[in-house]
>>> print(open('structure.cif').read())   # mmCIF, C-alpha atoms
data_final
loop_
_atom_site.label_atom_id
_atom_site.label_comp_id
_atom_site.auth_asym_id
_atom_site.auth_seq_id
_atom_site.Cartn_x
_atom_site.Cartn_y
_atom_site.Cartn_z
CA MET A 1 -23.21 27.58 -8.21
CA SER A 2 -21.41 26.94 -4.93
CA GLU A 3 -20.46 23.48 -6.22
CA SER A 4 -18.76 25.03 -9.25
CA SER A 5 -17.09 27.48 -6.89
CA PHE A 6 -15.39 24.54 -5.18
CA GLN A 7 -14.46 23.16 -8.59
CA ASP A 8 -13.11 26.57 -9.59
CA ASP A 9 -11.01 26.65 -6.41
CA VAL A 10 -9.58 23.23 -7.24
CA LEU A 11 -8.84 24.29 -10.83
CA GLY A 12 -7.19 27.47 -9.55
CA GLU A 13 -5.09 25.54 -7.04
CA LEU A 14 -4.18 23.02 -9.74
CA GLY A 15 -2.62 25.70 -11.90
CA PRO A 16 -1.83 25.64 -15.61
CA ASP A 17 1.18 23.30 -15.40
CA ARG A 18 -0.65 20.48 -13.64
CA LEU A 19 -3.71 21.06 -15.81
CA THR A 20 -1.47 20.63 -18.88
CA GLU A 21 -0.08 17.44 -17.33
CA ILE A 22 -3.64 16.13 -16.83
CA ALA A 23 -4.53 17.09 -20.42
CA GLY A 24 -1.56 15.05 -21.65
CA LEU A 25 -2.63 12.10 -19.54
CA LEU A 26 -6.15 12.32 -20.94
CA GLY A 27 -5.01 12.96 -24.52
CA THR A 28 -7.01 16.17 -24.71
CA ASP A 29 -6.55 19.93 -24.58
CA ALA A 30 -6.75 22.24 -21.54
CA ALA A 31 -10.51 22.72 -21.97
CA GLY A 32 -11.08 18.95 -21.99
CA ALA A 33 -8.88 18.57 -18.93
CA ARG A 34 -10.80 21.35 -17.10
CA GLU A 35 -14.09 19.65 -17.92
CA THR A 36 -12.84 16.24 -16.72
CA VAL A 37 -11.41 17.76 -13.51
CA ALA A 38 -14.69 19.59 -12.84
CA THR A 39 -16.70 16.40 -13.42
CA THR A 40 -14.36 14.39 -11.19
CA VAL A 41 -14.34 16.95 -8.38
CA GLY A 42 -18.14 17.18 -8.56
CA ALA A 43 -18.41 13.40 -8.24
CA MET A 44 -15.93 13.36 -5.33
CA THR A 45 -17.72 16.08 -3.36
CA GLY A 46 -21.11 14.52 -4.07
CA ASP A 47 -19.88 11.17 -2.76
CA LEU A 48 -18.38 12.83 0.33
CA ARG A 49 -21.66 14.67 1.05
CA GLN A 50 -23.61 11.43 0.73
CA LYS A 51 -21.22 9.51 2.99
CA ALA A 52 -21.09 12.33 5.57
CA GLY A 53 -24.86 12.16 5.89
CA ALA A 54 -24.89 8.41 6.46
CA ASP A 55 -25.33 7.06 9.97
CA ASP A 56 -22.73 4.30 9.66
CA ASP A 57 -18.98 3.74 9.96
CA ASP A 58 -18.28 5.41 6.60
CA GLY A 59 -20.29 8.46 7.65
CA ASN A 60 -18.45 8.66 10.96
CA GLU A 61 -15.10 8.41 9.19
CA VAL A 62 -15.96 11.17 6.70
CA ARG A 63 -17.27 13.47 9.45
CA GLN A 64 -14.14 12.82 11.51
CA ALA A 65 -11.96 13.57 8.47
CA PHE A 66 -13.73 16.90 7.93
CA ALA A 67 -13.34 17.73 11.60
CA GLU A 68 -9.60 16.98 11.29
CA VAL A 69 -9.28 19.17 8.18
CA SER A 70 -10.89 22.05 10.07
CA GLU A 71 -8.26 21.95 12.83
CA PRO A 72 -5.61 24.67 12.60
CA PRO A 73 -2.53 23.53 10.72
CA LEU A 74 0.65 22.72 12.55
CA GLN A 75 3.32 25.40 12.52
CA GLY A 76 7.10 25.34 12.16
CA VAL A 77 9.11 22.14 11.99
CA ALA A 78 5.99 19.98 12.27
CA THR A 79 4.97 21.05 8.76
CA LEU A 80 7.96 19.31 7.17
CA GLY A 81 5.81 16.21 6.65
CA GLY A 82 4.74 17.69 3.32
CA GLY A 83 1.14 18.27 4.38
CA LEU A 84 0.52 14.62 5.22
CA LEU A 85 0.02 15.42 8.89
CA GLY A 86 -2.94 17.70 8.25
CA GLY A 87 -4.61 15.60 5.57
CA GLY A 88 -4.02 12.09 6.84
CA LEU A 89 -7.54 10.92 7.53
CA MET A 90 -9.08 12.97 4.71
CA ALA A 91 -6.46 11.66 2.27
CA GLY A 92 -7.51 8.14 3.26
CA VAL A 93 -11.19 8.98 2.80
CA LEU A 94 -10.51 10.48 -0.63
CA ALA A 95 -8.49 7.41 -1.59
CA LYS A 96 -11.43 5.18 -0.57
CA VAL A 97 -13.92 7.11 -2.71
CA SER A 98 -11.54 7.26 -5.66
CA LYS A 99 -12.46 3.87 -7.15
CA PRO A 100 -16.24 4.41 -7.24
CA VAL A 101 -15.73 8.01 -8.39
CA ALA A 102 -13.40 6.83 -11.17
CA ALA A 103 -16.01 4.29 -12.28
CA ALA A 104 -18.78 6.91 -12.27
CA VAL A 105 -16.71 9.49 -14.15
CA SER A 106 -15.58 6.84 -16.63
CA LYS A 107 -19.18 5.84 -17.30
CA LYS A 108 -20.20 9.49 -17.75
CA THR A 109 -17.26 10.59 -19.92
CA GLY A 110 -16.10 7.43 -21.68
CA ILE A 111 -12.56 7.92 -20.32
CA PRO A 112 -11.07 4.62 -19.08
CA ALA A 113 -11.46 4.21 -15.30
CA ALA A 114 -7.72 3.58 -14.91
CA THR A 115 -6.99 6.96 -16.51
CA VAL A 116 -9.56 8.71 -14.32
CA SER A 117 -7.95 7.02 -11.29
CA ARG A 118 -4.60 8.53 -12.24
CA VAL A 119 -6.24 11.96 -12.53
CA ILE A 120 -7.80 11.47 -9.09
CA GLU A 121 -4.38 10.59 -7.65
CA MET A 122 -3.13 13.93 -8.98
CA LEU A 123 -6.19 15.75 -7.62
CA ILE A 124 -6.20 14.40 -4.04
CA PRO A 125 -3.44 16.71 -2.72
CA VAL A 126 -5.05 19.66 -4.50
CA VAL A 127 -8.50 18.86 -3.05
CA LEU A 128 -6.90 18.54 0.41
CA ALA A 129 -5.32 21.98 -0.01
CA VAL A 130 -8.66 23.54 -1.02
CA PHE A 131 -10.43 21.85 1.93
CA ALA A 132 -7.81 23.23 4.31
CA LYS A 133 -7.99 26.75 2.83
CA ARG A 134 -11.79 26.81 2.96
CA ALA A 135 -11.84 25.50 6.52
CA ALA A 136 -9.26 28.11 7.61
CA ALA A 137 -11.17 30.90 5.87
CA GLY A 138 -14.39 29.83 7.59
CA LYS A 139 -12.74 29.73 11.00
CA GLY A 140 -11.44 33.25 10.45
CA ALA A 141 -14.92 34.52 9.63
CA ALA A 142 -16.46 32.68 12.58
CA ALA A 143 -13.87 34.07 14.99
CA GLY A 144 -15.03 37.66 14.48
CA ALA A 145 -17.59 39.58 16.48
CA PRO A 146 -21.19 38.36 16.49
CA GLY A 147 -23.29 39.52 13.61
CA PRO A 148 -23.40 38.89 9.90
CA THR A 149 -20.10 38.06 8.28
CA PRO A 150 -19.31 38.65 4.63
CA GLY A 151 -20.12 35.51 2.68
CA GLY A 152 -21.88 33.99 5.69
CA ALA A 153 -25.53 33.11 5.79
CA PRO A 154 -27.23 36.12 7.40
CA GLY A 155 -29.50 35.09 10.24
CA ALA A 156 -28.41 31.49 9.99
CA ALA A 157 -29.53 29.61 13.05
CA PRO A 158 -27.21 27.18 14.76
CA ALA A 159 -27.63 23.74 13.28
CA GLU A 160 -30.94 22.35 14.36
CA GLY A 161 -31.84 18.86 13.34
CA GLY A 162 -29.22 16.86 15.27
CA GLY A 163 -26.56 14.70 13.81
CA LEU A 164 -24.04 16.92 12.13
CA GLY A 165 -24.47 20.14 14.16
CA ASP A 166 -21.57 22.52 13.56
CA LEU A 167 -19.98 19.88 11.36
CA GLY A 168 -22.90 20.21 8.95
CA ASP A 169 -22.10 23.92 8.68
CA LEU A 170 -18.45 23.05 8.16
CA LEU A 171 -19.30 20.60 5.36
CA GLY A 172 -21.41 23.25 3.66
CA GLN A 173 -18.64 25.81 4.04
CA ILE A 174 -15.88 23.52 2.75
CA LEU A 175 -17.79 21.78 -0.03
CA GLY A 176 -20.01 24.74 -0.86
CA GLY A 177 -23.75 24.99 -0.71
CA GLY A 178 -25.95 24.46 2.28
CA LYS A 179 -26.85 21.41 4.26
CA LYS A 180 -29.23 19.04 2.54
#
>>> encode(input="structure.cif", output="structure tokens")
Amino acid sequence: MSESSFQDDVLGELGPDRLTEIAGLLGTDAAGARETVATTVGAMTGDLRQKAGADDDDGNEVRQAFAEVSEPPLQGVATLGGGLLGGGLMAGVLAKVSKPVAAAVSKKTGIPAATVSRVIEMLIPVVLAVFAKRAAAGKGAAAGAPGPTPGGAPGAAPAEGGGLGDLGDLLGQILGGGKK
């Protein structure tokens, strides 16, 4: 359910105009576009979770990208970069996973991989925006007084089993669901 919540956030951020644009690209209606977007976002987040859990260079890069996304956004004139400043590393990570995700979604849906790749290109800025919003919302909840927070895991212990630590909590908060 939390996975679809992330997908719902992406669909909401996408809005009807861009969803119509994706439907035109796919040669389908809005419902078909929603389904393809949900499938694609699910594949992207699944790939990111898998990579974040890996103890290699890819895993380090994904964890670093999530840590960067969780930093507070720049204010004022610094934001004129069109959001590239805040999503730089994560945008690169999403671009790297786009080819295998496009292949997987193509195999699952029958949509040509090149078309899925174009959809992913349209989704990357939207996914970045949802990551940033979820990270900011989580920081706001964590900044409050000790005790249970609405939407938080009551009685959740600090991350135990090494490795991801607070970043594991952040991944769960941004992507939805708990740590695996």
>>> resolve_selection(input="structure.cif", expression="the PyMOL selection byres ((chain A and resi 101-109) around 9)", output="PyMOL selection string")
chain A and resi 36+39-40+43-44+47+97-100+110-117+119-120
>>> closest_residue(input="structure.cif", among="A:Val69, A:Glu35, A:Ala30, A:Arg49", to="Val130 in chain A", atoms="all atoms listed in the file")
A:Val69
>>> residues_around(input="structure.cif", residues="Val62 in chain A", least_positions_apart="4", cutoff="8 Å", atoms="only C-alpha atoms", output="PyMOL selection string")
chain A and resi 48+51-52+58+66+90+93
>>> atom_distance(input="structure.cif", atom1="CA of Gly46 in chain A", atom2="CA of Arg63 in chain A")
14.1 Å
>>> closest_atom_pairs(input="structure.cif", of="range 46-133 of chain A", to="range 7-14 of chain A", cutoff="12 Å", atoms="all atoms listed in the file", output="Markdown table")
| residue | atom | partner | partner_atom | distance |
| --- | --- | --- | --- | --- |
| A:Gly46 | CA | A:Gln7 | CA | 11.8 |
| A:Val119 | CA | A:Leu14 | CA | 11.6 |
| A:Met122 | CA | A:Leu14 | CA | 9.2 |
| A:Leu123 | CA | A:Leu14 | CA | 7.8 |
| A:Ile124 | CA | A:Val10 | CA | 10.0 |
| A:Pro125 | CA | A:Leu14 | CA | 9.5 |
| A:Val126 | CA | A:Leu14 | CA | 6.3 |
| A:Val127 | CA | A:Val10 | CA | 6.1 |
| A:Leu128 | CA | A:Val10 | CA | 9.4 |
| A:Ala129 | CA | A:Glu13 | CA | 7.9 |
| A:Val130 | CA | A:Val10 | CA | 6.3 |
| A:Phe131 | CA | A:Val10 | CA | 9.3 |
| A:Ala132 | CA | A:Val10 | CA | 11.7 |
| A:Lys133 | CA | A:Asp9 | CA | 9.7 |
>>> atom_distance(input="structure.cif", atom1="CA of Thr20 in chain A", atom2="CA of Ala33 in chain A")
7.7 Å
>>> atom_distance(input="structure.cif", atom1="CA of Gly42 in chain A", atom2="CA of Leu94 in chain A")
12.9 Å
>>> axis_aligned_box(input="structure.cif", around="range 40-52 of chain A", padding_each_side="6 Å", output="AutoDock Vina command-line options")
--center_x -19.0 --center_y 13.3 --center_z -2.8 --size_x 21.3 --size_y 19.7 --size_z 28.8
>>> residues_around(input="structure.cif", residues="Leu89 in chain A", least_positions_apart="4", cutoff="8 Å", atoms="only C-alpha atoms", output="PyMOL selection string")
chain A and resi 64-65+68+93
>>> closest_residue(input="structure.cif", among="A:Gly27, A:Gly15, A:Gly138, A:Glu121", to="Ala95 in chain A", atoms="only C-alpha atoms")
A:Glu121
>>> closest_residue(input="structure.cif", among="A:Ala91, A:Glu71, A:Lys96, A:Asp57", to="Ala136 in chain A", atoms="only C-alpha atoms")
A:Glu71
